[in-house]
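Shown below: work32.txt, with compact mmCIF, C-alpha atoms.
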# COMPACT_ATOMS: atom_id res chain seq x y z
CA MET K 1 38.50 114.07 109.59
CA SER K 2 37.95 116.50 106.74
CA GLU K 3 35.89 119.33 108.21
CA LYS K 4 34.51 120.08 104.74
CA TRP K 5 32.78 116.67 104.59
CA LYS K 6 30.46 116.78 107.58
CA GLU K 7 28.20 113.94 106.40
CA ALA K 8 31.13 111.53 106.17
CA PRO K 9 30.22 109.40 109.26
CA ASP K 10 26.74 108.72 107.92
CA VAL K 11 28.11 107.86 104.51
CA LEU K 12 30.67 105.52 106.08
CA LYS K 13 27.93 103.50 107.83
CA LYS K 14 26.23 102.83 104.52
CA VAL K 15 29.51 102.03 102.80
CA LEU K 16 30.55 99.52 105.47
CA GLU K 17 27.32 97.61 104.91
CA VAL K 18 28.37 96.77 101.35
CA ALA K 19 32.16 97.17 101.56
CA PRO K 20 33.33 96.10 105.05
CA HIS K 21 36.96 96.03 103.84
CA ILE K 22 37.10 99.84 103.67
CA ASN K 23 39.64 101.48 106.00
CA ALA K 24 37.44 103.76 108.08
CA ASN K 25 40.14 106.26 109.02
CA ILE K 26 41.25 106.74 105.44
CA PHE K 27 37.66 106.90 104.18
CA LEU K 28 36.76 109.60 106.69
CA GLY K 29 39.79 111.64 105.67
CA ARG K 30 41.45 111.40 109.05
CA LEU K 31 45.08 112.48 108.94
CA THR K 32 47.78 111.42 111.36
CA ASP K 33 49.46 113.95 113.62
CA ARG K 34 52.51 113.88 111.38
CA GLU K 35 50.38 114.49 108.30
CA MET K 36 48.77 117.45 110.06
CA PHE K 37 52.26 118.89 110.55
CA TRP K 38 52.50 119.24 106.77
CA VAL K 39 48.92 120.53 106.42
CA ARG K 40 49.74 123.33 108.87
CA LEU K 41 52.88 124.12 106.89
CA GLU K 42 51.06 124.27 103.55
CA PRO K 43 50.37 128.05 103.52
CA PHE K 44 54.02 128.73 104.40
CA LEU K 45 55.27 126.39 101.69
CA SER K 46 52.88 127.85 99.14
CA SER K 47 54.19 131.34 99.92
CA HIS K 48 57.69 130.05 99.16
CA GLY K 49 56.64 128.56 95.83
CA TYR K 50 55.90 124.92 96.68
CA ARG K 51 52.58 123.12 96.24
CA LEU K 52 51.71 120.00 98.23
CA ARG K 53 49.50 117.14 97.04
CA PRO K 54 45.72 117.75 97.47
CA ARG K 55 45.59 115.52 100.57
CA TYR K 56 47.85 117.93 102.47
CA ARG K 57 46.08 121.16 101.61
CA PRO K 58 43.84 122.77 104.27
CA ASP K 59 40.79 122.77 101.97
CA TRP K 60 41.08 119.08 100.99
CA ILE K 61 37.91 117.05 100.63
CA PRO K 62 38.33 113.32 99.83
CA SER K 63 37.76 112.74 96.13
CA TRP K 64 35.73 109.58 96.76
CA ARG K 65 32.95 111.32 98.66
CA ASN K 66 30.46 111.04 95.75
CA CYS K 67 31.59 107.65 94.45
CA ASP K 68 29.81 104.32 94.68
CA MET K 69 32.26 102.48 96.95
CA ARG K 70 30.50 99.17 96.33
CA LYS K 71 32.42 99.07 93.06
CA ARG K 72 35.49 101.00 94.07
CA ASN K 73 38.50 100.62 96.36
CA LEU K 74 40.32 103.41 98.17
CA SER K 75 43.54 102.35 96.44
CA GLU K 76 42.00 103.75 93.23
CA PHE K 77 42.19 107.32 94.56
CA GLU K 78 45.42 109.29 94.51
CA ASP K 79 44.53 111.32 97.58
CA ALA K 80 44.13 108.13 99.63
CA GLN K 81 47.89 107.61 99.39
CA ILE K 82 49.28 108.26 102.87
CA MET K 83 52.77 109.24 103.96
CA THR K 84 55.31 106.44 103.88
CA ARG K 85 58.01 108.28 105.85
CA THR K 86 56.91 110.84 108.39
CA TYR K 87 59.87 113.18 107.93
CA LEU K 88 59.63 113.34 104.12
CA MET K 89 57.12 115.06 101.87
CA ASP K 90 56.91 115.59 98.14
CA ALA K 91 55.78 118.79 96.45
CA ILE K 92 55.78 120.65 93.15
CA ARG K 93 57.88 123.76 92.63
CA ILE K 94 55.24 126.11 91.28
CA SER K 95 57.56 128.17 89.08
CA ASP K 96 58.52 125.30 86.77
CA GLY K 97 56.59 122.20 87.81
CA VAL K 98 59.66 120.36 89.07
CA LYS K 99 58.95 117.61 91.61
CA VAL K 100 60.85 118.06 94.86
CA VAL K 101 61.27 116.29 98.18
CA MET K 102 61.27 118.04 101.54
CA LYS K 103 63.09 116.51 104.47
CA CYS K 104 62.35 117.81 107.95
CA VAL K 105 65.55 117.72 110.01
CA ASP K 106 66.72 118.73 113.45
CA THR K 107 68.70 121.97 113.25
CA GLN K 108 70.95 120.78 116.07
CA ARG K 109 72.30 117.95 113.91
CA ARG K 110 75.13 118.38 111.42
CA GLU K 111 72.90 117.67 108.43
CA VAL K 112 71.83 121.29 107.99
CA SER K 113 75.35 122.70 108.13
CA ILE K 114 76.63 120.05 105.73
CA ALA K 115 73.74 120.78 103.34
CA GLN K 116 74.63 124.48 103.48
CA TYR K 117 78.26 123.66 102.78
CA LEU K 118 77.45 121.30 99.90
CA ARG K 119 75.11 123.88 98.40
CA GLY K 120 78.02 126.26 98.08
CA LEU K 121 80.34 123.80 96.31
CA PRO K 122 80.71 123.85 92.51
CA ARG K 123 78.64 121.36 90.50
CA GLU K 124 81.74 119.90 88.89
CA GLU K 125 81.99 116.49 87.22
CA ARG K 126 82.74 114.62 90.46
CA ASN K 127 80.03 116.30 92.51
CA HIS K 128 77.23 113.76 92.59
CA THR K 129 75.78 114.88 95.89
CA VAL K 130 72.05 115.56 95.62
CA PRO K 131 71.50 119.22 94.63
CA ILE K 132 70.24 121.33 97.52
CA LEU K 133 67.50 123.57 96.09
CA ASP K 134 66.46 125.31 99.28
CA ILE K 135 66.78 125.24 103.06
CA LEU K 136 63.77 126.68 104.87
CA PRO K 137 63.35 127.19 108.61
CA VAL K 138 60.12 125.74 109.98
CA PRO K 139 58.06 128.72 111.17
CA ASN K 140 57.67 129.04 114.94
CA ASP K 141 60.05 126.13 115.56
CA GLU K 142 63.76 126.91 115.67
CA SER K 143 64.58 123.25 116.19
CA LYS K 144 63.41 122.18 112.70
CA ALA K 145 64.33 123.02 109.12
CA LEU K 146 63.35 121.73 105.69
CA ILE K 147 66.03 120.62 103.22
CA ILE K 148 64.56 120.65 99.71
CA THR K 149 66.04 118.57 96.88
CA PRO K 150 64.90 117.29 93.49
CA MET K 151 62.74 114.18 93.61
CA LEU K 152 64.91 111.20 92.66
CA VAL K 153 64.28 107.44 92.57
CA SER K 154 66.21 104.48 93.88
CA PHE K 155 69.03 103.48 91.53
CA ASN K 156 67.55 99.99 91.24
CA LEU K 157 63.91 100.94 90.70
CA VAL K 158 64.28 99.60 87.15
CA PRO K 159 66.82 96.93 86.19
CA PHE K 160 70.15 97.45 84.47
CA ARG K 161 70.21 96.22 80.88
CA ARG K 162 73.83 96.84 79.78
CA VAL K 163 77.26 96.59 81.34
CA GLY K 164 77.78 100.24 80.47
CA GLU K 165 74.77 101.35 82.51
CA PHE K 166 76.25 99.85 85.65
CA ALA K 167 79.74 101.16 84.82
CA GLU K 168 78.33 104.68 84.47
CA MET K 169 76.78 104.56 87.93
CA VAL K 170 79.83 103.03 89.62
CA GLU K 171 82.17 105.61 88.10
CA GLN K 172 79.99 108.54 89.16
CA LEU K 173 79.66 107.32 92.73
CA ILE K 174 83.36 106.61 93.20
CA LYS K 175 84.14 110.07 91.82
CA CYS K 176 81.67 111.53 94.31
CA LEU K 177 83.47 109.86 97.22
CA ASP K 178 86.70 111.34 95.91
CA PHE K 179 85.01 114.76 95.78
CA LEU K 180 83.55 114.48 99.27
CA HIS K 181 86.80 113.29 100.82
CA GLU K 182 88.72 116.08 99.12
CA HIS K 183 86.39 118.51 100.92
CA GLY K 184 86.79 116.76 104.27
CA ILE K 185 83.37 115.07 104.27
CA ALA K 186 82.80 111.42 105.10
CA HIS K 187 79.31 110.25 104.16
CA ARG K 188 79.33 107.40 106.71
CA ASP K 189 76.22 105.81 105.16
CA ALA K 190 77.16 105.33 101.50
CA CYS K 191 74.74 102.43 101.22
CA GLU K 192 71.96 101.20 98.95
CA LEU K 193 69.10 103.32 100.26
CA ASN K 194 71.15 106.50 99.89
CA ILE K 195 72.03 106.04 96.22
CA MET K 196 69.51 107.59 93.87
CA MET K 197 68.97 108.13 90.16
CA ASP K 198 67.68 111.13 88.24
CA ALA K 199 64.95 109.33 86.31
CA SER K 200 63.80 112.29 84.23
CA LYS K 201 65.01 110.62 81.02
CA VAL K 202 64.55 107.00 82.07
CA ILE K 203 60.95 107.52 83.29
CA PRO K 204 59.79 110.70 81.50
CA ARG K 205 56.31 110.61 83.08
CA GLY K 206 57.88 110.45 86.52
CA VAL K 207 56.76 108.42 89.53
CA HIS K 208 54.41 109.02 92.43
CA PHE K 209 56.31 109.67 95.63
CA ALA K 210 54.05 107.49 97.80
CA ASN K 211 53.94 104.65 95.26
CA THR K 212 57.03 104.72 93.08
CA PHE K 213 55.96 101.72 91.00
CA THR K 214 53.27 103.89 89.42
CA HIS K 215 53.19 107.18 87.56
CA ASP K 216 50.07 108.54 89.27
CA GLY K 217 50.01 106.64 92.54
CA VAL K 218 47.00 104.61 91.49
CA LYS K 219 47.02 102.31 88.49
CA ASP K 220 49.68 102.91 85.87
CA HIS K 221 52.57 100.48 85.78
CA LEU K 222 55.83 102.24 85.01
CA LYS K 223 56.72 102.89 81.40
CA TRP K 224 60.44 103.43 81.12
CA HIS K 225 63.40 103.58 78.74
CA SER K 226 66.61 101.63 79.15
CA ARG K 227 69.35 103.76 80.67
CA TRP K 228 71.61 102.96 77.73
CA SER K 229 69.14 104.48 75.26
CA VAL K 230 69.00 107.82 77.10
CA ARG K 231 72.54 107.99 78.52
CA PRO K 232 74.10 109.71 80.31
CA VAL K 233 72.02 109.12 83.44
CA GLN K 234 72.92 110.92 86.64
CA TYR K 235 73.29 109.24 90.06
CA TYR K 236 73.53 110.92 93.46
CA PHE K 237 74.29 110.31 97.11
CA ILE K 238 71.53 111.55 99.40
CA ASP K 239 70.96 111.73 103.17
CA PHE K 240 73.88 113.33 104.97
CA GLY K 241 72.30 112.77 108.38
CA LEU K 242 75.30 110.73 109.59
CA SER K 243 77.92 112.66 107.64
CA LYS K 244 80.61 114.82 109.13
CA ARG K 245 83.33 117.21 108.04
CA TYR K 246 86.62 116.24 109.60
CA ALA K 247 89.82 118.01 110.37
CA VAL K 248 92.97 115.97 109.74
CA ASP K 249 93.64 115.41 113.43
CA GLU K 250 90.13 113.98 113.94
CA LEU K 251 90.46 111.07 111.54
CA GLU K 252 91.50 108.47 114.11
CA THR K 253 89.02 109.47 116.83
CA ILE K 254 85.83 108.11 115.27
CA THR K 255 84.13 105.15 116.98
CA GLY K 256 80.76 103.43 116.99
CA ARG K 257 78.47 101.74 114.48
CA ASN K 258 76.70 103.91 111.93
CA GLY K 259 74.77 103.48 108.70
CA GLN K 260 72.77 100.71 107.05
CA ASP K 261 75.70 98.38 106.39
CA ARG K 262 76.34 96.28 109.50
CA SER K 263 79.13 94.25 107.89
CA VAL K 264 81.84 96.94 107.90
CA PRO K 265 84.70 95.15 109.75
CA GLU K 266 86.02 98.11 111.71
CA LEU K 267 82.54 98.98 113.00
CA LEU K 268 82.17 95.59 114.65
CA ILE K 269 84.64 96.49 117.39
CA ASP K 270 84.81 99.55 119.61
CA ARG K 271 87.98 101.23 118.46
CA PRO K 272 88.80 104.28 116.31
CA TYR K 273 88.44 103.86 112.56
CA ASP K 274 89.10 105.77 109.35
CA PRO K 275 85.77 107.16 108.05
CA TRP K 276 87.13 107.47 104.48
CA LYS K 277 87.79 103.74 104.40
CA VAL K 278 84.28 103.02 105.70
CA ASP K 279 82.79 105.00 102.80
CA VAL K 280 84.81 102.93 100.33
CA TYR K 281 83.74 99.66 101.96
CA GLN K 282 80.06 100.64 102.06
CA LEU K 283 79.97 101.60 98.38
CA GLY K 284 81.97 98.49 97.51
CA ASN K 285 79.35 96.39 99.24
CA VAL K 286 76.57 97.99 97.18
CA ILE K 287 78.56 97.18 94.03
CA ARG K 288 79.14 93.59 95.15
CA GLN K 289 75.53 92.99 96.13
CA THR K 290 74.30 94.35 92.80
CA ILE K 291 76.74 92.14 90.88
CA GLU K 292 75.34 89.11 92.70
CA LYS K 293 71.82 89.87 91.44
CA TYR K 294 72.81 89.89 87.75
CA ASP K 295 74.36 87.68 85.11
CA SER K 296 77.30 89.21 83.22
CA LEU K 297 78.48 91.84 85.72
CA GLU K 298 81.37 89.66 86.90
CA VAL K 299 83.86 92.01 85.24
CA PHE K 300 83.34 94.32 88.25
CA LEU K 301 84.18 91.66 90.83
CA PRO K 302 87.88 92.61 91.20
CA LEU K 303 86.82 96.17 92.01
CA ALA K 304 84.12 95.04 94.44
CA SER K 305 86.52 92.63 96.15
CA ALA K 306 89.17 95.30 96.57
CA MET K 307 86.64 97.78 97.96
CA THR K 308 85.35 95.26 100.51
CA ALA K 309 88.69 93.92 101.76
CA HIS K 310 88.43 92.76 105.37
CA ASN K 311 91.58 94.63 106.40
CA PRO K 312 90.89 98.39 106.15
CA ARG K 313 94.55 99.02 105.34
CA ASN K 314 94.05 97.18 102.05
CA LEU K 315 91.07 99.23 100.91
CA PRO K 316 91.79 101.43 97.88
CA SER K 317 91.30 105.16 97.84
CA PRO K 318 88.53 106.40 95.50
CA ALA K 319 91.22 107.51 93.03
CA THR K 320 92.75 104.03 93.01
CA ALA K 321 89.29 102.45 92.66
CA LEU K 322 88.68 104.58 89.57
CA GLU K 323 91.87 103.23 88.04
CA MET K 324 90.51 99.72 88.49
CA LEU K 325 87.62 100.55 86.15
CA LYS K 326 89.93 101.29 83.23
CA PRO K 327 90.52 97.65 82.17
CA ILE K 328 86.81 97.40 81.32
CA GLN K 329 86.98 97.81 77.55
CA SER K 330 84.53 99.98 75.65
CA ARG K 331 83.32 97.04 73.55
CA MET K 332 82.13 95.35 76.75
CA LEU K 333 79.85 98.24 77.72
CA VAL K 334 77.12 97.27 75.26
CA GLU K 335 76.88 93.69 76.49
CA ARG K 336 73.51 92.63 77.88
CA VAL K 337 73.01 91.96 81.58
CA TRP K 338 70.05 90.17 83.11
CA LEU K 339 68.62 89.84 86.58
CA LYS K 340 69.23 86.26 87.65
CA GLU K 341 65.58 85.92 88.64
CA TYR K 342 64.51 86.32 85.00
CA THR K 343 63.59 83.12 83.18
CA ARG K 344 64.49 82.40 79.56
CA ARG K 345 60.91 83.30 78.67
CA ASP K 346 61.25 86.65 80.50
CA ARG K 347 64.42 87.44 78.59
CA PHE K 348 62.87 86.55 75.25
CA ARG K 349 59.80 88.72 75.92
CA ILE K 350 61.97 91.67 76.98
CA ARG K 351 64.43 91.42 74.09
CA TYR K 352 62.04 90.74 71.22
CA LEU K 353 58.62 91.93 72.41
CA GLY K 354 59.55 94.73 74.80
CA ILE K 355 57.33 93.22 77.50
CA GLU K 356 58.52 93.49 81.09
CA PRO K 357 57.83 90.58 83.48
CA TYR K 358 56.17 92.90 85.99

Go through the file and emit its structure as structure tokens.
Amino acid sequence: MSEKWKEAPDVLKKVLEVAPHINANIFLGRLTDREMFWVRLEPFLSSHGYRLRPRYRPDWIPSWRNCDMRKRNLSEFEDAQIMTRTYLMDAIRISDGVKVVMKCVDTQRREVSIAQYLRGLPREERNHTVPILDILPVPNDESKALIITPMLVSFNLVPFRRVGEFAEMVEQLIKCLDFLHEHGIAHRDACELNIMMDASKVIPRGVHFANTFTHDGVKDHLKWHSRWSVRPVQYYFIDFGLSKRYAVDELETITGRNGQDRSVPELLIDRPYDPWKVDVYQLGNVIRQTIEKYDSLEVFLPLASAMTAHNPRNLPSPATALEMLKPIQSRMLVERVWLKEYTRRDRFRIRYLGIEPY
């Protein structure tokens, strides 16, 4: 409970009489143990140039303390937004106002060493690994470190509108696999949740980390531009928690099931597999699954089918997969694509009135 709001229990009793739906723990400002981890870190992070949301500052007092809760709901207050993932926290870089994400990781895992290695690689055209802004040791705990990256959004937070938007993403991600493999890194979880978009041009007002369907975490529905109108848009692979750098003689010694995609054929049996091929299959599955959600992305089906071949020996290399994109002619890039769930009325309202169905 917020120590600055000592009368909170008495206030809560009165509030519950008229608003029994109120979450008592949130109303009282009680933080979970994991939230308190970040509160204790706040002075350290501030000294390194990062500012946490008000809820996670030591002097926080709930903003609803003087409000008439008979007419209000806690969801109307930004500082009532709790953590959605205990090992992740958002912050602002004080020097320039850039939104960042901090991931608390175990220093004994490979993720820290891979992040350090990736940080030292050139930001060339193929390098679409999430930029590593900082790596900070957690004070008084040698087992933990914070990997700090720009705040990105899921690649499918807003729908694709043109063939060219999807082609741009696919090309960037295949090039990134080529880049990673050239440097001996297999991602091993190149799946939907680890593919992100830099939305700085698509959603100029940004999103709230705890509620990405809003700008402020409270009430605003997203206002966004089509990717085609602000192209190019950048896409990135994140989360190298399962990744590994391999020497050539290690390639056939990898076993076990890893990552979000449980359909990878060679992971269904306990025998050595080629991690490069698994990366190709996982990304191919993301491409295939996205195609299935839209009308007019069928031109990518040959690529998706090749990248998800059941026999790993038939899977293309990233370089070969890139060649398969070339038959997609430039005139096709401007063609409209629609989510299959959209009705004719939805499409009319989007095209002619600029009104989104959600």

| message | Neighbouring residues of K:Trp338 were defined as those with any atom within 10 Å, considering all atoms listed in the file; residues of the same chain fewer than 6 positions away were excluded. Please report them as an MDAnalysis selection string. | response | chainID K and resid 159:163 293:297 346:347

| If you count all atoms listed in the file, which residues fall within 6 Å of K:Gly217, apart from same-chain ones fewer than 5 positions away, as a list in words? |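 Once the nearby chain positions are removed, what remains is Glu78, His208 and Asn211 of chain K.
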
Once you count all atoms listed in the file, what closest atom pair and distance in Å to one decimal does each residue of stretch 136-255 of chain K within 7 Å of stretch 315-331 of chain K have, with rows by chain and rising residue number, as a Markdown table?
| residue | atom | partner | partner_atom | distance |
| --- | --- | --- | --- | --- |
| K:Glu171 | CA | K:Leu322 | CA | 6.8 |
| K:Ile174 | CA | K:Pro318 | CA | 5.7 |
| K:Lys175 | CA | K:Pro318 | CA | 6.8 |
| K:Leu177 | CA | K:Pro318 | CA | 6.4 |
| K:Asp178 | CA | K:Pro318 | CA | 5.3 |

| message | Report, in Å with one decimal, the straight-line distance from atom CA of K:Gly206 to atom CA of K:Leu74. | response |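 Between atom CA of K:Gly206 and atom CA of K:Leu74 the gap is 22.2 Å.
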
| field | K:Ser47 surroundings by only C-alpha atoms, 12 Å radius, close-in-sequence under 5 positions cut, as a list in words | value |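 Answer for this query is Leu41, Glu42, Leu52, Arg93, Ile94, Ser95 and Leu136 of chain K.
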
| message | Could you check the closest approach to K:Ile114 for each of K:Phe37, K:Phe240, K:Trp276, K:Phe166 and tell me which residue wins, using only C-alpha atoms? | response | K:Phe240

| field | Between atom CA of K:Asn25 and atom CA of K:Asn140, distance in Å (one decimal) | value | 29.3 Å

| Using only C-alpha atoms: which of K:Val280, K:Ile195, K:Val207, K:Ala115 has the shortest distance to K:His181 |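 The closest residue to K:His181 is K:Val280.
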
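Atom CA of K:Asp279 lies 5.7 Å from atom CA of K:Arg188.
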
| query | With distances taken over all atoms listed in the file, which of K:Cys67, K:Leu121, K:Met89, K:Ala186 is nearest to K:Leu146? | reply |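 Ranked by minimum distance to K:Leu146, first place goes to K:Met89.
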